[in-house]
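Q: Just dropping this structure here.
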6 protein chains.
Amino acid sequence: MILLTRKAEFSSAHYYWNEAWTEAENLRVFGRCANKNGHGHNYTLEVTVAGEVDSVSGFVVDLKELKEILEREVVSVYDHRHLNLEVPEFAAGTGNIPTTENIAIAIWRRLEGKIPHAKLHRARVYEMDDLFADYYGER
Amino acid sequence: MILLTRKAEFSSAHYYWNEAWTEAENLRVFGRCANKNGHGHNYTLEVTVAGEVDSVSGFVVDLKELKEILEREVVSVYDHRHLNLEVPEFAAGTGNIPTTENIAIAIWRRLEGKIPHAKLHRARVYEMDDLFADYYGER
Amino acid sequence: MILLTRKAEFSSAHYYWNEAWTEAENLRVFGRCANKNGHGHNYTLEVTVAGEVDSVSGFVVDLKELKEILEREVVSVYDHRHLNLEVPEFAAGTGNIPTTENIAIAIWRRLEGKIPHAKLHRARVYEMDDLFADYYGER
Amino acid sequence: MILLTRKAEFSSAHYYWNEAWTEAENLRVFGRCANKNGHGHNYTLEVTVAGEVDSVSGFVVDLKELKEILEREVVSVYDHRHLNLEVPEFAAGTGNIPTTENIAIAIWRRLEGKIPHAKLHRARVYEMDDLFADYYGER
Amino acid sequence: MILLTRKAEFSSAHYYWNEAWTEAENLRVFGRCANKNGHGHNYTLEVTVAGEVDSVSGFVVDLKELKEILEREVVSVYDHRHLNLEVPEFAAGTGNIPTTENIAIAIWRRLEGKIPHAKLHRARVYEMDDLFADYYGER
Amino acid sequence: MILLTRKAEFSSAHYYWNEAWTEAENLRVFGRCANKNGHGHNYTLEVTVAGEVDSVSGFVVDLKELKEILEREVVSVYDHRHLNLEVPEFAAGTGNIPTTENIAIAIWRRLEGKIPHAKLHRARVYEMDDLFADYYGER
């Protein structure tokens with residue numbers, strides 16, 4: 001078994017706000033991230049898949065196909081979007097705040113079961129160079 | 001004469017939209033950047049100052065002071081903000097679109113004349129790793 | 001369960017020297033690192049914590065709190081310090097040489113049990129871009 | 001137990017071609033990588049070893065020795081070479097295509113059992129910044 | 001006037017060989033780079049253009065157009081190619097060795113006069129992270 | 001004319017202290033850098049040379065020779081050294097504090113006139129990723 005990791009990037013706006021809290025509580029917990037005008041990041045996604053190397057092609061997974069899956073399932077939905085306003089899993093009423101942790105989980109769920117011949121192993125999301133979250137699925 | 005460069009970062013939302021154009025024209029020129037919900041970036045700013053090395057301190061410019069100036073004049077205004085909605089030089093009615101070029105010019109103007117004992121030499125702004133603008137002032 | 005990683009940096013001096021060895025033996029094993037005038041590095045620390053995402057805040061761990069803990073427990077002790085001369089766990093008489101491996105272990109011990117609502121998972125220390133150590137605790 | 005990782009680099013040419021396939025089939029699966037004139041990369045290798053920290057030296061593994069092993073076993077064989085034409089494990093007739101996955105496996109096999117006092121834990125190979133493979137041996 | 005820089009990447013094979021020299025002379029001057037099987041690199045190109053910011057669009061140059069020009073004039077010609085065998089300016093008989101310096105000059109000549117509304121200012125080519133050449137045209 | 005830049009690294013200890021000042025004054029100006037036990041950095045040096053491309057070799061400067069010059073004139077003197085205690089230009093009594101600016105100037109003076117067939121154009125020194133100095137010589 002071998003692991004293969006492919007990076008992708010998306011540039012999105014977001015903010016942190018818990019609708020059940022007062023403004024003061026939101027500011028206390030989320031600080032500058034609670035600005036409802038939004039701010040944004042260049043996110044980096046690292047998707048790791050696990051599988052056997054195909055003895056004919058030398059690939060765990062077809063790289064062109066993997067790139068297309070990341071583009072279709074994640075980048076086209078998140079890139080140049082406002083996560084709170086345009087991405088269903090973070091929309092108002094979901095109570096799902098687009099923290100780095102929750103973005104990693106959401107991307108896992110978008111990709112799970114979609115990668116032929118390999119198993120999704122990890123979704124890593126960098127919000128900035130100095131902060132990232134890793135999700136390995138339920139286990 | 002020597003040049004000293006200090007980096008700073010800010011995470012902001014923005015979009016590109018020319019109010020004098022139709023929606024179709026905005027989409028044609030600005031593509032995905034014309035989404036008015038906004039998207040965002042981790043911007044990196046490199047400010048370069050020029051001067052003589054002080055023979056006593058060994059500094060062109062006091063580093064703590066330079067850091068405070070960048071924080072006060074730029075980072076506190078741009079970071080975790082929506083550039084179109086919260087930063088005066090890019091507000092509606094100015095016609096000043098927050099492109100990488102215009103952000104570099106705006107930061108130059110915010111810093112010019114504010115750095116004691118040294119001359120502002122260049123403002124470089126990275127929107128992403130693969131795109132940056134350099135402004136050296138009017139000349 | 002999800003993993004969250006935060007980076008921090010510290011700039012320190014150190015040298016490698018085993019007091020039980022002759023100078024020749026120290027030079028043979030440690031090479032240029034045995035220079036007792038010291039040399040130094042920009043260390044990068046990556047601290048990974050594991051936990052459940054809080055369904056209200058969307059956080060595994062409060063990021064401001066985590067940053068304060070890293071600052072208080074590690075950065076304020078190591079940064080702009082001489083590790084052999086000023087940091088107790090590497091002081092003369094301890095026999096504990098500040099190698100990348102031992103720094104990772106020492107930082108783990110400084111952080112263990114200090115992070116509320118999450119479990120310390122890994123301490124990674126880069127001495128340079130091309131050399132790093134990972135410690136996951138005793139197990 | 002602690003993990004220590006050392007990076008090394010090599011610049012090599014390669015191409016992807018399955019001798020059992022037609023040209024059309026090779027182009028369909030491998031795209032531009034099937035150009036038999038070859039193209040190339042700056043590969044980055046990260047070798048991770050696991051072991052106990054020696055209480056006298058503070059090392060899991062002697063760093064100078066580790067560097068020499070990587071140089072002798074991998075870099076001197078792969079660097080400034082054409083992988084398909086000059087490296088035995090990828091030579092014509094082996095059917096072993098020098099994909100990132102297969103390079104990671106080949107490097108693992110070159111290093112396994114060669115590192116004194118520590119256990120080879122992982123071979124990670126980056127073909128580019130956005131693509132890498134991890135191999136942990138048979139298990 | 002402002003400068004805008006865009007990066008692009010290409011992965012190519014090459015070797016250094018002066019047809020007028022003996023093999024010994026080539027090895028003496030070019031070392032491992034004289035291996036005629038070729039080796040390769042992930043090249044990074046930074047193209048800088050200079051111009052006035054358009055007061056309507058906020059751009060010095062249309063970014064989509066610039067990207068297409070780089071793709072058409074450089075990347076499609078150099079990427080996944082063997083520079084000595086497939087790129088006319090470095091072909092046998094030209095005597096033009098694909099050093100980092102010569103690649104920067106060749107890319108300048110491919111781009112000069114092709115960028116609407118702006119002036120080509122600099123072509124920078126990185127062969128590796130620690131080696132790059134800058135060309136500003138004849139002057 | 002073309003510019004060629006080569007990077008090198010050195011890991012050194014240093015501190016900032018003006019012998020003519022009181023301890024309080026040193027602490028006020030230099031902050032944590034005034035700790036006389038020393039701290040340290042992984043410095044990155046970028047040396048840029050300017051010249052004509054040799055029409056036979058394709059080089060501005062022989063890369064192996066340039067590397068040896070940087071090693072002999074700078075790296076062997078600064079690396080794994082305490083700049084204040086072991087490098088003559090920063091020794092006690094010189095009044096020359098090893099700031100990033102002064103290190104860039106000192107390296108320029110060490111290299112000037114030593115590079116055959118090319119002109120030293122710039123010495124850039126990074127103390128950390130977010131701070132660097134550029135020196136172009138007296139002019």
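The way I read the labels, and the way they are meant: chains A, B, ... in the order of the structure tokens, residue 1 as the first residue of every chain, and ligand 1 as the first ligand shown, with later ones counted on from there.
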Set out as a Markdown table a contact list for range 39-137 of chain C and range 80-102 of chain F with a cut-off of 12 Å, giving each residue of range 39-137 of chain C that qualifies its closest atom pair and distance in Å to one decimal, counting only C-alpha atoms, ordered by chain and rising residue number.
A:
```
| residue | atom | partner | partner_atom | distance |
| --- | --- | --- | --- | --- |
| C:His39 | CA | F:His80 | CA | 4.8 |
| C:Gly40 | CA | F:His80 | CA | 7.3 |
| C:His41 | CA | F:His80 | CA | 9.6 |
| C:His82 | CA | F:His82 | CA | 11.6 |
```
Q: Using only C-alpha atoms, select each residue of chain D with any atom at most 12 Å away from an atom of chain C, and give the selection as a VMD selection string.
A: chain D and resid 1 to 9 44 to 67 121
Q: Give me a file of those residues, with N, CA and C atoms, as an mmCIF file, in the first residue's frame.
A:
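Output file out_11.cif follows:
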```
data_model
loop_
_atom_site.group_PDB
_atom_site.id
_atom_site.type_symbol
_atom_site.label_atom_id
_atom_site.label_comp_id
_atom_site.auth_asym_id
_atom_site.auth_seq_id
_atom_site.Cartn_x
_atom_site.Cartn_y
_atom_site.Cartn_z
ATOM 1 N N MET D 1 10.202 6.420 21.653
ATOM 2 C CA MET D 1 10.513 6.422 20.220
ATOM 3 C C MET D 1 10.284 7.806 19.605
ATOM 4 N N ILE D 2 11.177 8.143 18.711
ATOM 5 C CA ILE D 2 11.052 9.434 18.049
ATOM 6 C C ILE D 2 11.333 9.235 16.562
ATOM 7 N N LEU D 3 10.807 10.145 15.746
ATOM 8 C CA LEU D 3 11.038 10.074 14.311
ATOM 9 C C LEU D 3 11.936 11.227 13.886
ATOM 10 N N LEU D 4 12.918 10.934 13.048
ATOM 11 C CA LEU D 4 13.781 11.985 12.519
ATOM 12 C C LEU D 4 13.704 11.954 10.993
ATOM 13 N N THR D 5 13.552 13.136 10.392
ATOM 14 C CA THR D 5 13.408 13.215 8.936
ATOM 15 C C THR D 5 14.476 14.110 8.337
ATOM 16 N N ARG D 6 15.071 13.615 7.293
ATOM 17 C CA ARG D 6 16.119 14.335 6.573
ATOM 18 C C ARG D 6 15.711 14.462 5.116
ATOM 19 N N LYS D 7 15.888 15.666 4.542
ATOM 20 C CA LYS D 7 15.571 15.849 3.128
ATOM 21 C C LYS D 7 16.827 15.740 2.269
ATOM 22 N N ALA D 8 16.617 15.339 1.026
ATOM 23 C CA ALA D 8 17.682 15.358 0.013
ATOM 24 C C ALA D 8 17.011 15.673 -1.315
ATOM 25 N N GLU D 9 17.780 16.107 -2.271
ATOM 26 C CA GLU D 9 17.204 16.471 -3.563
ATOM 27 C C GLU D 9 17.973 15.791 -4.687
ATOM 28 N N THR D 44 12.272 16.014 -4.458
ATOM 29 C CA THR D 44 12.676 16.140 -3.062
ATOM 30 C C THR D 44 12.338 14.840 -2.354
ATOM 31 N N LEU D 45 13.319 14.317 -1.663
ATOM 32 C CA LEU D 45 13.154 13.084 -0.902
ATOM 33 C C LEU D 45 13.167 13.428 0.580
ATOM 34 N N GLU D 46 12.183 12.914 1.305
ATOM 35 C CA GLU D 46 12.206 13.013 2.771
ATOM 36 C C GLU D 46 12.276 11.606 3.335
ATOM 37 N N VAL D 47 13.359 11.289 4.003
ATOM 38 C CA VAL D 47 13.512 9.967 4.608
ATOM 39 C C VAL D 47 13.310 10.091 6.113
ATOM 40 N N THR D 48 12.370 9.305 6.637
ATOM 41 C CA THR D 48 12.080 9.326 8.073
ATOM 42 C C THR D 48 12.548 8.021 8.710
ATOM 43 N N VAL D 49 13.319 8.149 9.790
ATOM 44 C CA VAL D 49 13.746 6.966 10.539
ATOM 45 C C VAL D 49 13.164 7.046 11.948
ATOM 46 N N ALA D 50 12.958 5.885 12.546
ATOM 47 C CA ALA D 50 12.372 5.806 13.892
ATOM 48 C C ALA D 50 13.336 5.103 14.823
ATOM 49 N N GLY D 51 13.407 5.573 16.038
ATOM 50 C CA GLY D 51 14.280 4.901 16.998
ATOM 51 C C GLY D 51 14.242 5.577 18.345
ATOM 52 N N GLU D 52 15.063 5.075 19.233
ATOM 53 C CA GLU D 52 15.197 5.682 20.557
ATOM 54 C C GLU D 52 16.302 6.721 20.489
ATOM 55 N N VAL D 53 16.136 7.799 21.237
ATOM 56 C CA VAL D 53 17.196 8.800 21.322
ATOM 57 C C VAL D 53 18.331 8.238 22.172
ATOM 58 N N ASP D 54 19.533 8.221 21.638
ATOM 59 C CA ASP D 54 20.698 7.776 22.394
ATOM 60 C C ASP D 54 20.923 8.760 23.540
ATOM 61 N N SER D 55 20.994 8.219 24.775
ATOM 62 C CA SER D 55 21.028 9.122 25.928
ATOM 63 C C SER D 55 22.369 9.847 26.032
ATOM 64 N N VAL D 56 23.362 9.364 25.349
ATOM 65 C CA VAL D 56 24.674 10.020 25.397
ATOM 66 C C VAL D 56 24.806 11.097 24.314
ATOM 67 N N SER D 57 24.476 10.754 23.080
ATOM 68 C CA SER D 57 24.663 11.707 21.982
ATOM 69 C C SER D 57 23.444 12.598 21.759
ATOM 70 N N GLY D 58 22.288 12.156 22.213
ATOM 71 C CA GLY D 58 21.068 12.903 21.932
ATOM 72 C C GLY D 58 20.525 12.668 20.531
ATOM 73 N N PHE D 59 21.128 11.725 19.809
ATOM 74 C CA PHE D 59 20.723 11.444 18.427
ATOM 75 C C PHE D 59 19.945 10.128 18.329
ATOM 76 N N VAL D 60 18.965 10.069 17.433
ATOM 77 C CA VAL D 60 18.386 8.790 17.010
ATOM 78 C C VAL D 60 19.360 8.107 16.071
ATOM 79 N N VAL D 61 19.973 8.934 15.241
ATOM 80 C CA VAL D 61 20.843 8.411 14.204
ATOM 81 C C VAL D 61 21.925 9.474 13.972
ATOM 82 N N ASP D 62 23.105 9.049 13.664
ATOM 83 C CA ASP D 62 24.188 9.991 13.407
ATOM 84 C C ASP D 62 23.880 10.744 12.110
ATOM 85 N N LEU D 63 23.757 12.078 12.210
ATOM 86 C CA LEU D 63 23.306 12.844 11.049
ATOM 87 C C LEU D 63 24.284 12.804 9.885
ATOM 88 N N LYS D 64 25.562 12.835 10.189
ATOM 89 C CA LYS D 64 26.558 12.773 9.096
ATOM 90 C C LYS D 64 26.471 11.422 8.391
ATOM 91 N N GLU D 65 26.297 10.370 9.200
ATOM 92 C CA GLU D 65 26.192 9.030 8.623
ATOM 93 C C GLU D 65 24.919 8.910 7.768
ATOM 94 N N LEU D 66 23.803 9.444 8.275
ATOM 95 C CA LEU D 66 22.547 9.387 7.521
ATOM 96 C C LEU D 66 22.692 10.111 6.181
ATOM 97 N N LYS D 67 23.338 11.264 6.229
ATOM 98 C CA LYS D 67 23.526 12.027 4.994
ATOM 99 C C LYS D 67 24.368 11.243 3.985
ATOM 100 N N HIS D 121 11.296 4.325 8.471
ATOM 101 C CA HIS D 121 9.867 4.472 8.775
ATOM 102 C C HIS D 121 9.065 4.887 7.541
#
```
Q: Taking only chain B into account, list the residues labelled strand (DSSP E) by DSSP (computed from the backbone), as a PyMOL selection string.
A: chain B and resi 2-14+39-51+119-128+131-135
Q: Hey, can you check how far CA of Cys33 in chain D sits from CA of His14 in chain D?
A: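 Here the two named atoms are 8.3 Å from each other.
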Q: Write out as an MDAnalysis selection string each polymer residue whose atoms come within 7 Å of Ile107 in chain A, counting only C-alpha atoms; drop sequence neighbours fewer than 4 positions from it.
A: chainID A and resid 74 103 111 123
Q: For the atom pair CA of Arg122 in chain C and CA of Trp108 in chain C, what is the interatomic distance in Å to one decimal place?
A: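 Computed distance, CA of Arg122 in chain C to CA of Trp108 in chain C, equals 7.6 Å.
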